[in-house]
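**Student:** One file is attached below, my_file.pdb, containing PDB, C-alpha atoms.
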```pdb
ATOM      1  CA  MET Z  15     -23.498  71.390 -60.535
ATOM      2  CA  LEU Z  16     -25.438  68.352 -59.436
ATOM      3  CA  ASP Z  17     -28.652  67.458 -61.214
ATOM      4  CA  THR Z  18     -30.827  67.159 -58.138
ATOM      5  CA  SER Z  19     -33.954  66.301 -60.134
ATOM      6  CA  ILE Z  20     -32.862  62.658 -60.551
ATOM      7  CA  LYS Z  21     -34.549  59.817 -58.696
ATOM      8  CA  VAL Z  22     -32.350  58.408 -55.909
ATOM      9  CA  LEU Z  23     -32.617  54.976 -54.292
ATOM     10  CA  VAL Z  24     -31.352  54.757 -50.692
ATOM     11  CA  VAL Z  25     -30.676  51.156 -49.625
ATOM     12  CA  ASP Z  26     -30.035  50.241 -45.980
ATOM     13  CA  ASP Z  27     -31.525  47.682 -43.591
ATOM     14  CA  MET Z  28     -31.412  50.243 -40.748
ATOM     15  CA  SER Z  29     -34.351  52.632 -40.901
ATOM     16  CA  THR Z  30     -32.323  55.244 -39.000
ATOM     17  CA  MET Z  31     -29.588  55.230 -41.630
ATOM     18  CA  ARG Z  32     -32.085  55.510 -44.490
ATOM     19  CA  ARG Z  33     -33.587  58.522 -42.757
ATOM     20  CA  ILE Z  34     -30.184  60.115 -42.120
ATOM     21  CA  VAL Z  35     -29.015  59.626 -45.719
ATOM     22  CA  LYS Z  36     -32.355  60.939 -47.002
ATOM     23  CA  ASN Z  37     -32.065  64.060 -44.836
ATOM     24  CA  VAL Z  38     -28.532  64.751 -46.036
ATOM     25  CA  LEU Z  39     -29.559  64.199 -49.664
ATOM     26  CA  ARG Z  40     -32.477  66.592 -49.161
ATOM     27  CA  GLN Z  41     -30.108  69.179 -47.741
ATOM     28  CA  ILE Z  42     -27.968  68.798 -50.867
ATOM     29  CA  GLY Z  43     -31.107  69.365 -52.929
ATOM     30  CA  TYR Z  44     -32.440  65.923 -53.874
ATOM     31  CA  GLU Z  45     -36.173  65.591 -53.349
ATOM     32  CA  ASN Z  46     -37.085  62.474 -55.338
ATOM     33  CA  ILE Z  47     -35.837  59.788 -52.956
ATOM     34  CA  THR Z  48     -37.054  56.197 -52.610
ATOM     35  CA  GLU Z  49     -36.030  53.715 -49.889
ATOM     36  CA  ALA Z  50     -35.229  49.996 -49.993
ATOM     37  CA  GLU Z  51     -34.373  47.843 -46.970
ATOM     38  CA  ASN Z  52     -32.110  45.289 -48.656
ATOM     39  CA  GLY Z  53     -30.482  44.472 -51.986
ATOM     40  CA  GLN Z  54     -33.358  42.377 -53.273
ATOM     41  CA  ASP Z  55     -35.914  45.044 -52.443
ATOM     42  CA  ALA Z  56     -33.648  47.580 -54.161
ATOM     43  CA  LEU Z  57     -33.217  45.448 -57.278
ATOM     44  CA  ASN Z  58     -36.977  45.051 -57.624
ATOM     45  CA  LYS Z  59     -37.424  48.812 -57.348
ATOM     46  CA  LEU Z  60     -34.565  49.533 -59.754
ATOM     47  CA  LYS Z  61     -36.134  47.256 -62.365
ATOM     48  CA  GLY Z  62     -39.196  49.514 -62.182
ATOM     49  CA  GLY Z  63     -36.929  52.051 -63.888
ATOM     50  CA  GLY Z  64     -36.186  55.750 -63.653
ATOM     51  CA  PHE Z  65     -33.422  55.800 -61.032
ATOM     52  CA  GLY Z  66     -30.394  58.014 -61.583
ATOM     53  CA  LEU Z  67     -28.408  57.082 -58.478
ATOM     54  CA  VAL Z  68     -28.122  54.274 -55.905
ATOM     55  CA  VAL Z  69     -26.753  54.980 -52.409
ATOM     56  CA  SER Z  70     -26.308  51.636 -50.698
ATOM     57  CA  ASP Z  71     -25.063  50.063 -47.469
ATOM     58  CA  TRP Z  72     -22.881  46.929 -47.656
ATOM     59  CA  ASN Z  73     -24.105  44.715 -44.800
ATOM     60  CA  MET Z  74     -27.740  43.808 -45.297
ATOM     61  CA  PRO Z  75     -29.831  40.664 -44.932
ATOM     62  CA  VAL Z  76     -31.371  38.860 -47.943
ATOM     63  CA  MET Z  77     -29.042  40.539 -50.457
ATOM     64  CA  SER Z  78     -25.943  42.531 -49.475
ATOM     65  CA  GLY Z  79     -24.792  45.801 -51.036
ATOM     66  CA  ILE Z  80     -21.977  44.129 -52.955
ATOM     67  CA  GLU Z  81     -24.377  41.513 -54.348
ATOM     68  CA  LEU Z  82     -26.737  44.302 -55.386
ATOM     69  CA  LEU Z  83     -23.870  46.146 -57.061
ATOM     70  CA  ARG Z  84     -22.917  43.026 -59.049
ATOM     71  CA  ALA Z  85     -26.547  42.450 -60.028
ATOM     72  CA  VAL Z  86     -26.877  46.069 -61.171
ATOM     73  CA  ARG Z  87     -23.677  45.952 -63.227
ATOM     74  CA  ALA Z  88     -24.752  42.644 -64.798
ATOM     75  CA  ASP Z  89     -28.115  44.046 -65.883
ATOM     76  CA  GLY Z  90     -28.124  45.609 -69.339
ATOM     77  CA  GLU Z  91     -30.716  48.209 -68.360
ATOM     78  CA  LEU Z  92     -29.158  49.185 -65.037
ATOM     79  CA  LYS Z  93     -25.418  48.820 -65.544
ATOM     80  CA  SER Z  94     -24.750  52.527 -66.048
ATOM     81  CA  VAL Z  95     -26.618  53.694 -62.923
ATOM     82  CA  PRO Z  96     -24.132  55.442 -60.580
ATOM     83  CA  PHE Z  97     -23.645  53.405 -57.410
ATOM     84  CA  LEU Z  98     -22.334  54.971 -54.180
ATOM     85  CA  MET Z  99     -21.439  52.572 -51.365
ATOM     86  CA  VAL Z 100     -21.944  54.067 -47.865
ATOM     87  CA  THR Z 101     -20.666  51.563 -45.365
ATOM     88  CA  ALA Z 102     -18.848  50.784 -42.138
ATOM     89  CA  GLU Z 103     -16.918  48.072 -44.002
ATOM     90  CA  ALA Z 104     -13.695  49.998 -44.346
ATOM     91  CA  GLN Z 105     -11.178  47.227 -44.888
ATOM     92  CA  LYS Z 106      -8.859  47.440 -47.868
ATOM     93  CA  ASP Z 107     -10.223  44.155 -49.232
ATOM     94  CA  ASN Z 108     -13.770  45.550 -49.161
ATOM     95  CA  ILE Z 109     -12.772  48.604 -51.162
ATOM     96  CA  ILE Z 110     -10.913  46.527 -53.748
ATOM     97  CA  GLU Z 111     -13.877  44.144 -54.013
ATOM     98  CA  ALA Z 112     -16.266  47.069 -54.510
ATOM     99  CA  VAL Z 113     -14.070  48.715 -57.139
ATOM    100  CA  GLN Z 114     -13.715  45.422 -58.995
ATOM    101  CA  ALA Z 115     -17.503  45.051 -58.898
ATOM    102  CA  GLY Z 116     -17.879  48.492 -60.464
ATOM    103  CA  VAL Z 117     -18.689  50.854 -57.586
ATOM    104  CA  SER Z 118     -18.781  54.533 -58.549
ATOM    105  CA  ASN Z 119     -17.448  55.724 -55.192
ATOM    106  CA  TYR Z 120     -17.180  54.753 -51.542
ATOM    107  CA  VAL Z 121     -18.057  56.627 -48.322
ATOM    108  CA  VAL Z 122     -17.089  55.369 -44.878
ATOM    109  CA  LYS Z 123     -19.535  55.589 -41.962
ATOM    110  CA  PRO Z 124     -19.743  57.746 -39.965
ATOM    111  CA  PHE Z 125     -19.627  60.303 -42.765
ATOM    112  CA  THR Z 126     -20.222  64.028 -43.063
ATOM    113  CA  ALA Z 127     -22.672  65.812 -45.361
ATOM    114  CA  GLU Z 128     -19.682  67.407 -47.089
ATOM    115  CA  ALA Z 129     -18.106  63.994 -47.757
ATOM    116  CA  LEU Z 130     -21.337  62.710 -49.299
ATOM    117  CA  GLN Z 131     -21.763  65.807 -51.451
ATOM    118  CA  ASP Z 132     -18.128  65.679 -52.521
ATOM    119  CA  LYS Z 133     -18.470  62.030 -53.607
ATOM    120  CA  LEU Z 134     -21.665  62.760 -55.542
ATOM    121  CA  GLN Z 135     -19.976  65.640 -57.347
ATOM    122  CA  LYS Z 136     -17.067  63.359 -58.282
ATOM    123  CA  ILE Z 137     -19.431  60.657 -59.546
ATOM    124  CA  PHE Z 138     -21.373  63.019 -61.773
ATOM    125  CA  ALA Z 139     -18.290  64.931 -62.915
ATOM    126  CA  LYS Z 140     -16.999  61.682 -64.443
ATOM    127  CA  LYS Z 141     -20.229  60.944 -66.321
TER     128      LYS Z 141
ATOM    129  CA  MET D  22      -4.518   1.021  -3.516
ATOM    130  CA  LEU D  23      -5.240  -2.196  -5.448
ATOM    131  CA  VAL D  24      -4.073  -5.286  -3.455
ATOM    132  CA  ASN D  25      -5.318  -8.838  -3.908
ATOM    133  CA  ARG D  26      -5.862  -9.816  -0.250
ATOM    134  CA  GLY D  27      -7.214 -13.289  -1.093
ATOM    135  CA  LEU D  28      -4.114 -14.296  -2.986
ATOM    136  CA  ASP D  29      -1.964 -12.694  -0.303
ATOM    137  CA  THR D  30      -3.631 -14.861   2.451
ATOM    138  CA  GLU D  31      -3.410 -18.027   0.363
ATOM    139  CA  VAL D  32       0.200 -17.474  -0.362
ATOM    140  CA  SER D  33       0.918 -16.696   3.292
ATOM    141  CA  LEU D  34      -0.267 -20.192   4.254
ATOM    142  CA  ALA D  35       2.190 -21.816   1.938
ATOM    143  CA  ARG D  36       5.161 -19.574   2.588
ATOM    144  CA  PRO D  37       5.991 -16.158   4.090
ATOM    145  CA  ALA D  38       4.869 -13.136   2.032
ATOM    146  CA  PRO D  39       7.640 -11.806  -0.163
ATOM    147  CA  LYS D  40       8.927  -8.417   0.827
ATOM    148  CA  PRO D  41       7.959  -5.733  -1.727
ATOM    149  CA  THR D  42      10.816  -4.690  -3.906
ATOM    150  CA  ASP D  43      11.746  -1.069  -4.664
ATOM    151  CA  GLU D  44      10.053  -1.482  -8.049
ATOM    152  CA  ASP D  45       6.797  -2.610  -6.369
ATOM    153  CA  ARG D  46       6.900   0.372  -4.005
ATOM    154  CA  GLN D  47       7.395   2.739  -6.920
ATOM    155  CA  ILE D  48       4.393   1.242  -8.747
ATOM    156  CA  TYR D  49       2.213   1.555  -5.588
ATOM    157  CA  GLU D  50       3.243   5.211  -5.153
ATOM    158  CA  GLU D  51       2.500   6.006  -8.784
ATOM    159  CA  MET D  52      -0.897   4.326  -8.551
ATOM    160  CA  ALA D  53      -1.699   6.293  -5.404
ATOM    161  CA  GLU D  54      -0.669   9.498  -7.140
ATOM    162  CA  LEU D  55      -2.859   8.642 -10.145
ATOM    163  CA  THR D  56      -5.826   7.956  -7.856
ATOM    164  CA  ARG D  57      -5.389  11.335  -6.161
ATOM    165  CA  CYS D  58      -5.199  13.020  -9.591
ATOM    166  CA  VAL D  59      -8.410  11.343 -10.770
ATOM    167  CA  GLU D  60     -10.206  12.328  -7.551
ATOM    168  CA  MET D  61      -9.002  15.910  -7.885
ATOM    169  CA  MET D  62     -10.108  16.111 -11.541
ATOM    170  CA  THR D  63     -13.505  14.651 -10.707
ATOM    171  CA  GLN D  64     -13.913  17.213  -7.921
ATOM    172  CA  THR D  65     -12.830  20.079 -10.208
ATOM    173  CA  ILE D  66     -15.268  19.016 -12.914
ATOM    174  CA  ARG D  67     -18.056  18.728 -10.333
ATOM    175  CA  GLU D  68     -17.277  22.245  -9.035
ATOM    176  CA  MET D  69     -17.129  23.633 -12.585
ATOM    177  CA  GLU D  70     -20.427  22.111 -13.651
ATOM    178  CA  ALA D  71     -22.651  24.488 -11.655
ATOM    179  CA  PRO D  72     -21.108  27.818 -12.792
ATOM    180  CA  VAL D  73     -20.807  26.650 -16.401
ATOM    181  CA  SER D  74     -24.404  25.499 -16.376
ATOM    182  CA  SER D  75     -25.550  28.739 -14.757
ATOM    183  CA  THR D  76     -23.567  30.905 -17.196
ATOM    184  CA  SER D  77     -24.916  29.037 -20.193
ATOM    185  CA  GLU D  78     -28.417  29.773 -18.914
ATOM    186  CA  GLN D  79     -27.611  33.483 -18.392
ATOM    187  CA  LEU D  80     -26.193  34.010 -21.858
ATOM    188  CA  PRO D  81     -29.550  34.026 -23.707
ATOM    189  CA  LEU D  82     -30.704  36.709 -21.278
ATOM    190  CA  ALA D  83     -27.592  38.784 -21.923
ATOM    191  CA  ASN D  84     -28.209  38.344 -25.641
ATOM    192  CA  SER D  85     -31.774  39.518 -25.267
ATOM    193  CA  HIS D  86     -30.586  42.611 -23.345
ATOM    194  CA  LEU D  87     -28.153  43.435 -26.118
ATOM    195  CA  GLY D  88     -30.983  43.189 -28.652
ATOM    196  CA  GLU D  89     -33.049  45.581 -26.543
ATOM    197  CA  LEU D  90     -30.089  47.930 -26.299
ATOM    198  CA  ALA D  91     -29.865  48.128 -30.087
ATOM    199  CA  LYS D  92     -33.630  48.738 -30.291
ATOM    200  CA  MET D  93     -33.403  51.497 -27.667
ATOM    201  CA  THR D  94     -30.669  53.329 -29.567
ATOM    202  CA  GLU D  95     -32.747  52.976 -32.753
ATOM    203  CA  ASP D  96     -35.854  54.440 -31.071
ATOM    204  CA  GLY D  97     -33.787  57.238 -29.521
ATOM    205  CA  THR D  98     -32.233  58.072 -32.868
ATOM    206  CA  HIS D  99     -35.651  58.258 -34.553
ATOM    207  CA  LYS D 100     -36.852  60.572 -31.789
ATOM    208  CA  VAL D 101     -33.891  62.933 -32.221
ATOM    209  CA  MET D 102     -34.339  62.768 -36.007
ATOM    210  CA  SER D 103     -38.016  63.729 -35.683
ATOM    211  CA  LEU D 104     -37.170  66.698 -33.480
ATOM    212  CA  THR D 105     -34.385  67.733 -35.856
ATOM    213  CA  GLU D 106     -36.807  67.585 -38.790
ATOM    214  CA  GLU D 107     -39.334  69.707 -36.886
ATOM    215  CA  ILE D 108     -36.666  72.306 -36.096
ATOM    216  CA  GLU D 109     -35.618  72.300 -39.759
ATOM    217  CA  THR D 110     -39.222  72.893 -40.899
ATOM    218  CA  ASN D 111     -39.503  75.696 -38.362
ATOM    219  CA  ARG D 112     -36.206  77.182 -39.522
ATOM    220  CA  ARG D 113     -37.320  77.198 -43.173
ATOM    221  CA  ASN D 114     -40.609  78.905 -42.228
ATOM    222  CA  LEU D 115     -38.742  81.529 -40.225
ATOM    223  CA  LEU D 116     -36.405  82.194 -43.142
ATOM    224  CA  GLU D 117     -39.369  82.747 -45.459
ATOM    225  CA  GLN D 118     -40.966  85.109 -42.962
ATOM    226  CA  ILE D 119     -37.710  87.021 -42.488
ATOM    227  CA  ASP D 120     -37.403  87.424 -46.258
ATOM    228  CA  ARG D 121     -40.925  88.845 -46.431
ATOM    229  CA  LEU D 122     -40.259  91.047 -43.410
ATOM    230  CA  ALA D 123     -37.026  92.356 -44.932
ATOM    231  CA  GLU D 124     -39.009  94.016 -47.723
ATOM    232  CA  GLY D 125     -40.570  96.509 -45.279
ATOM    233  CA  VAL D 126     -37.551  97.095 -43.047
ATOM    234  CA  PRO D 127     -35.895 100.534 -43.183
ATOM    235  CA  PRO D 128     -32.338 100.493 -44.619
ATOM    236  CA  GLU D 129     -30.735 101.348 -41.274
ATOM    237  CA  GLN D 130     -32.167  98.140 -39.784
ATOM    238  CA  THR D 131     -31.309  95.799 -42.656
ATOM    239  CA  HIS D 132     -28.202  94.583 -40.819
ATOM    240  CA  LEU D 133     -30.438  93.227 -38.035
ATOM    241  CA  VAL D 134     -32.493  91.217 -40.531
ATOM    242  CA  ASN D 135     -29.324  89.951 -42.166
ATOM    243  CA  HIS D 136     -27.989  88.938 -38.761
ATOM    244  CA  ILE D 137     -31.115  86.841 -38.082
ATOM    245  CA  ARG D 138     -30.968  85.338 -41.577
ATOM    246  CA  ASP D 139     -27.282  84.387 -41.137
ATOM    247  CA  GLY D 140     -28.067  82.742 -37.810
ATOM    248  CA  LEU D 141     -30.866  80.672 -39.329
ATOM    249  CA  LYS D 142     -28.671  79.628 -42.242
ATOM    250  CA  ALA D 143     -25.908  78.547 -39.868
ATOM    251  CA  ASP D 144     -28.441  76.403 -38.047
ATOM    252  CA  GLU D 145     -29.074  74.468 -41.264
ATOM    253  CA  THR D 146     -25.505  73.136 -41.173
ATOM    254  CA  ARG D 147     -25.772  72.378 -37.462
ATOM    255  CA  LEU D 148     -29.006  70.432 -37.960
ATOM    256  CA  THR D 149     -27.425  68.402 -40.752
ATOM    257  CA  ASP D 150     -24.420  67.737 -38.523
ATOM    258  CA  ILE D 151     -26.774  66.446 -35.792
ATOM    259  CA  ALA D 152     -28.505  64.144 -38.285
ATOM    260  CA  VAL D 153     -25.209  62.798 -39.607
ATOM    261  CA  ALA D 154     -23.808  62.349 -36.093
ATOM    262  CA  LEU D 155     -26.737  60.027 -35.400
ATOM    263  CA  SER D 156     -25.239  57.514 -37.811
ATOM    264  CA  PHE D 157     -23.371  56.226 -34.748
ATOM    265  CA  GLN D 158     -26.541  54.196 -34.114
ATOM    266  CA  ASP D 159     -25.986  52.103 -37.220
ATOM    267  CA  LEU D 160     -22.412  51.322 -36.172
ATOM    268  CA  VAL D 161     -23.591  50.447 -32.636
ATOM    269  CA  ALA D 162     -26.334  48.176 -34.002
ATOM    270  CA  GLN D 163     -23.877  46.366 -36.279
ATOM    271  CA  ARG D 164     -21.429  45.763 -33.421
ATOM    272  CA  VAL D 165     -24.192  44.669 -31.069
ATOM    273  CA  ALA D 166     -25.406  42.189 -33.701
ATOM    274  CA  LYS D 167     -21.887  40.755 -33.934
ATOM    275  CA  LEU D 168     -21.606  40.523 -30.131
ATOM    276  CA  MET D 169     -24.942  38.717 -29.997
ATOM    277  CA  THR D 170     -23.606  36.154 -32.457
ATOM    278  CA  VAL D 171     -20.467  35.760 -30.322
ATOM    279  CA  LEU D 172     -22.522  35.197 -27.148
ATOM    280  CA  ASP D 173     -24.718  32.711 -28.948
ATOM    281  CA  GLU D 174     -21.623  30.816 -30.024
ATOM    282  CA  ILE D 175     -20.154  30.882 -26.489
ATOM    283  CA  GLN D 176     -23.384  29.495 -25.060
ATOM    284  CA  HIS D 177     -23.345  26.719 -27.637
ATOM    285  CA  LYS D 178     -19.757  25.838 -26.737
ATOM    286  CA  MET D 179     -20.441  25.874 -22.993
ATOM    287  CA  LEU D 180     -23.315  23.469 -23.459
ATOM    288  CA  ARG D 181     -20.998  21.241 -25.459
ATOM    289  CA  VAL D 182     -18.448  21.355 -22.604
ATOM    290  CA  LEU D 183     -21.131  20.209 -20.150
ATOM    291  CA  VAL D 184     -22.118  17.329 -22.378
ATOM    292  CA  ILE D 185     -18.522  16.335 -23.142
ATOM    293  CA  PHE D 186     -17.510  16.247 -19.455
ATOM    294  CA  GLY D 187     -20.399  13.942 -18.796
ATOM    295  CA  ILE D 188     -19.195  11.493 -21.428
ATOM    296  CA  GLN D 189     -15.430  11.676 -21.551
ATOM    297  CA  LYS D 190     -12.830  13.297 -19.380
ATOM    298  CA  LYS D 191     -10.455  14.729 -21.841
ATOM    299  CA  GLU D 192     -10.516  16.116 -25.359
ATOM    300  CA  GLY D 193      -8.631  18.766 -27.244
ATOM    301  CA  ALA D 194      -9.697  22.394 -27.331
ATOM    302  CA  ALA D 195     -13.092  23.109 -28.844
ATOM    303  CA  ALA D 196     -13.023  23.563 -32.584
ATOM    304  CA  LYS D 197     -12.896  27.211 -33.622
ATOM    305  CA  ASP D 198     -15.009  26.963 -36.722
ATOM    306  CA  GLY D 199     -18.222  28.714 -35.681
ATOM    307  CA  ARG D 200     -19.553  32.120 -36.755
ATOM    308  CA  GLY D 201     -18.954  33.492 -33.235
ATOM    309  CA  ASP D 202     -15.200  33.157 -33.548
ATOM    310  CA  GLU D 203     -15.333  34.783 -36.963
ATOM    311  CA  MET D 204     -17.374  37.709 -35.621
ATOM    312  CA  LEU D 205     -14.995  38.101 -32.666
ATOM    313  CA  LYS D 206     -12.069  38.181 -35.078
ATOM    314  CA  GLN D 207     -13.866  40.786 -37.190
ATOM    315  CA  LEU D 208     -14.555  42.970 -34.134
ATOM    316  CA  GLU D 209     -10.940  42.714 -32.996
ATOM    317  CA  ALA D 210      -9.580  43.312 -36.495
ATOM    318  CA  SER D 211     -11.749  46.360 -37.093
ATOM    319  CA  LYS D 212     -10.051  48.118 -34.137
ATOM    320  CA  HIS D 213      -6.732  48.056 -35.933
ATOM    321  CA  THR D 214      -7.481  47.823 -39.627
ATOM    322  CA  ALA D 215     -10.557  49.984 -40.318
ATOM    323  CA  LEU D 216      -9.450  52.706 -42.687
ATOM    324  CA  GLN D 217     -10.079  56.442 -42.526
ATOM    325  CA  GLN D 218     -11.787  58.194 -45.461
ATOM    326  CA  GLU D 219      -8.474  59.740 -46.618
ATOM    327  CA  VAL D 220      -6.851  56.306 -46.837
ATOM    328  CA  VAL D 221      -9.915  54.919 -48.620
ATOM    329  CA  ASP D 222      -9.706  57.823 -51.094
ATOM    330  CA  ASP D 223      -6.029  57.096 -51.632
ATOM    331  CA  ILE D 224      -6.751  53.439 -52.398
ATOM    332  CA  LEU D 225      -9.642  54.419 -54.670
ATOM    333  CA  SER D 226      -7.353  56.842 -56.470
ATOM    334  CA  LYS D 227      -4.690  54.173 -56.985
ATOM    335  CA  LEU D 228      -7.370  51.870 -58.336
ATOM    336  CA  GLY D 229      -8.394  54.523 -60.840
ATOM    337  CA  CYS D 230     -11.592  55.529 -59.041
ATOM    338  CA  LYS D 231     -11.401  59.178 -57.912
TER     339      LYS D 231
END
```
When written as structure tokens, how does the structure in this file appear?

**Tutor:**
Amino acid sequence: MLDTSIKVLVVDDMSTMRRIVKNVLRQIGYENITEAENGQDALNKLKGGGFGLVVSDWNMPVMSGIELLRAVRADGELKSVPFLMVTAEAQKDNIIEAVQAGVSNYVVKPFTAEALQDKLQKIFAKK
Amino acid sequence: MLVNRGLDTEVSLARPAPKPTDEDRQIYEEMAELTRCVEMMTQTIREMEAPVSSTSEQLPLANSHLGELAKMTEDGTHKVMSLTEEIETNRRNLLEQIDRLAEGVPPEQTHLVNHIRDGLKADETRLTDIAVALSFQDLVAQRVAKLMTVLDEIQHKMLRVLVIFGIQKKEGAAAKDGRGDEMLKQLEASKHTALQQEVVDDILSKLGCK
């Protein structure tokens, strides 16, 4: 069972995608959702504390998803926060790069609600 | 044809002009051929200048239209999302009302209430599917952004061609080191190499990330 009381950070430069991911997360049961429009914005919010999950896009201006992931994993306070990459970057090299950077799981756009839920269950089953 | 008439006349006073040899005739023919080639190239460049110039002026407009296209799909997506959210709110309210109504319904009519409840629950999945299907907009916007970069790069190269033809006639192909070429390569590559979720899962699994 997923702990849907955790605080989730949705990171994407496209407002439509943030809204879509938020709606799907709400349908799964998450209510405490915060948005960030790029990696830097996300990092600032994460440093405020209290987040139990990051759902991030890869391609973003200012700071990309992979840069955010590396910054999160390099931060003593944030390194254990589960990080789900939701992206159109579906090349093998991207996946390897994300895994090496410490991604918790990877969802390819366009995705289904079931795929997102399945990935979240796998992330939290491992914890 | 380049002939020194003055020298020819002077020489003719002293002695009869020498008859051109086969070698001289060959040189004259080659020079004539070269002259025709230069004239043809000059004409071709002159004819090319107008369309190249015109196209390079149209490209920023095309770029702007692409930007608007991305904005339009974004606005449309938000509109559909808003309507979907309103339907979802309505659906939840109806479910609550049906649950309250069910308390006073006679047992022989319970199946009707259950039928309505099942229909409303099925709509929840459909509404989520609509919302998720709208993620196409993000993919469209990303591709449009790449195309805009490509067009920008093409315009830059066309302007360079115009300038180069004005200065020198011939140079190798334009260097392919700009971001436009890279974006074009990415767009082309993604047609053949983008992986499906199952393949991604397989790779993740092999990398120890299930």

**Student:** Starting from the PyMOL selection byres ((chain Z and resi 30) around 8), expand the selection into actual residues of this file and give them as a VMD selection string.

**Tutor:** (chain Z and resid 28 to 29 31 to 34) or (chain D and resid 95 98 to 99 156 158 to 159)

**Student:** With C-alpha atoms retained, could you export that selection as an mmCIF file, in the frame of the given file?

**Tutor:**
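Output (again-v1.cif):
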```cif
data_model
loop_
_atom_site.group_PDB
_atom_site.id
_atom_site.type_symbol
_atom_site.label_atom_id
_atom_site.label_comp_id
_atom_site.auth_asym_id
_atom_site.auth_seq_id
_atom_site.Cartn_x
_atom_site.Cartn_y
_atom_site.Cartn_z
ATOM 1 C CA MET Z 28 -31.412 50.243 -40.748
ATOM 2 C CA SER Z 29 -34.351 52.632 -40.901
ATOM 3 C CA MET Z 31 -29.588 55.230 -41.630
ATOM 4 C CA ARG Z 32 -32.085 55.510 -44.490
ATOM 5 C CA ARG Z 33 -33.587 58.522 -42.757
ATOM 6 C CA ILE Z 34 -30.184 60.115 -42.120
ATOM 7 C CA GLU D 95 -32.747 52.976 -32.753
ATOM 8 C CA THR D 98 -32.233 58.072 -32.868
ATOM 9 C CA HIS D 99 -35.651 58.258 -34.553
ATOM 10 C CA SER D 156 -25.239 57.514 -37.811
ATOM 11 C CA GLN D 158 -26.541 54.196 -34.114
ATOM 12 C CA ASP D 159 -25.986 52.103 -37.220
#
```

**Student:** Could you expand the PyMOL selection byres ((chain Z) within 10 of (chain D)) into the explicit residues it covers here, written as a VMD selection string?

**Tutor:** chain Z and resid 26 to 35 37 to 38 40 to 41 73 101 to 106 109 to 110 112 to 114 116 to 129 133 136 to 137 140

**Student:** Which residues come within 9 Å of Z:Val86, counting only C-alpha atoms, excluding same-chain residues fewer than 4 positions away, as a PyMOL selection string?

**Tutor:** chain Z and resi 57+60+81-82+90-95+97

**Student:** Those residues with C-alpha atoms, as a PDB file, in the coordinates of the input please?

**Tutor:**
```
ATOM      1  CA  LEU Z  57     -33.217  45.448 -57.278  1.00  0.00           C
ATOM      2  CA  LEU Z  60     -34.565  49.533 -59.754  1.00  0.00           C
ATOM      3  CA  GLU Z  81     -24.377  41.513 -54.348  1.00  0.00           C
ATOM      4  CA  LEU Z  82     -26.737  44.302 -55.386  1.00  0.00           C
ATOM      5  CA  GLY Z  90     -28.124  45.609 -69.339  1.00  0.00           C
ATOM      6  CA  GLU Z  91     -30.716  48.209 -68.360  1.00  0.00           C
ATOM      7  CA  LEU Z  92     -29.158  49.185 -65.037  1.00  0.00           C
ATOM      8  CA  LYS Z  93     -25.418  48.820 -65.544  1.00  0.00           C
ATOM      9  CA  SER Z  94     -24.750  52.527 -66.048  1.00  0.00           C
ATOM     10  CA  VAL Z  95     -26.618  53.694 -62.923  1.00  0.00           C
ATOM     11  CA  PHE Z  97     -23.645  53.405 -57.410  1.00  0.00           C
TER      12      PHE Z  97
END
```

**Student:** Pull out every residue that the PyMOL selection byres ((chain D and resi 88) around 12) matches in the shown coordinates and put them as an MDAnalysis selection string.

**Tutor:** chainID D and resid 81:87 89:95 161:170 172

**Student:** What's the 10 Å shell around D:Ser74, counting all atoms listed in the file, without same-chain residues fewer than 2 positions away, as a list of chain:residue names?

**Tutor:**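 The residues that qualify are D:Met69, D:Glu70, D:Ala71, D:Pro72, D:Thr76, D:Ser77, D:Glu78, D:Gln79, D:Gln176, D:Met179, D:Leu180, D:Val182, D:Leu183.
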
**Student:** Padding of 4 Å on every side, edges along x, y and z, all listed atoms of stretch 61-73 of chain Z included: what centre and edge lengths in Å, to one decimal, does that box have, as AutoDock Vina command-line options?

**Tutor:**
```
--center_x -31.0 --center_y 51.4 --center_z -54.3 --size_x 24.3 --size_y 21.3 --size_z 27.1
```

**Student:** At what distance in Å, to one decimal, does atom CA of D:Lys142 lie from atom CA of Z:Gln135?

**Tutor:**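 Atom CA of D:Lys142 lies at a distance of 22.3 Å from atom CA of Z:Gln135.
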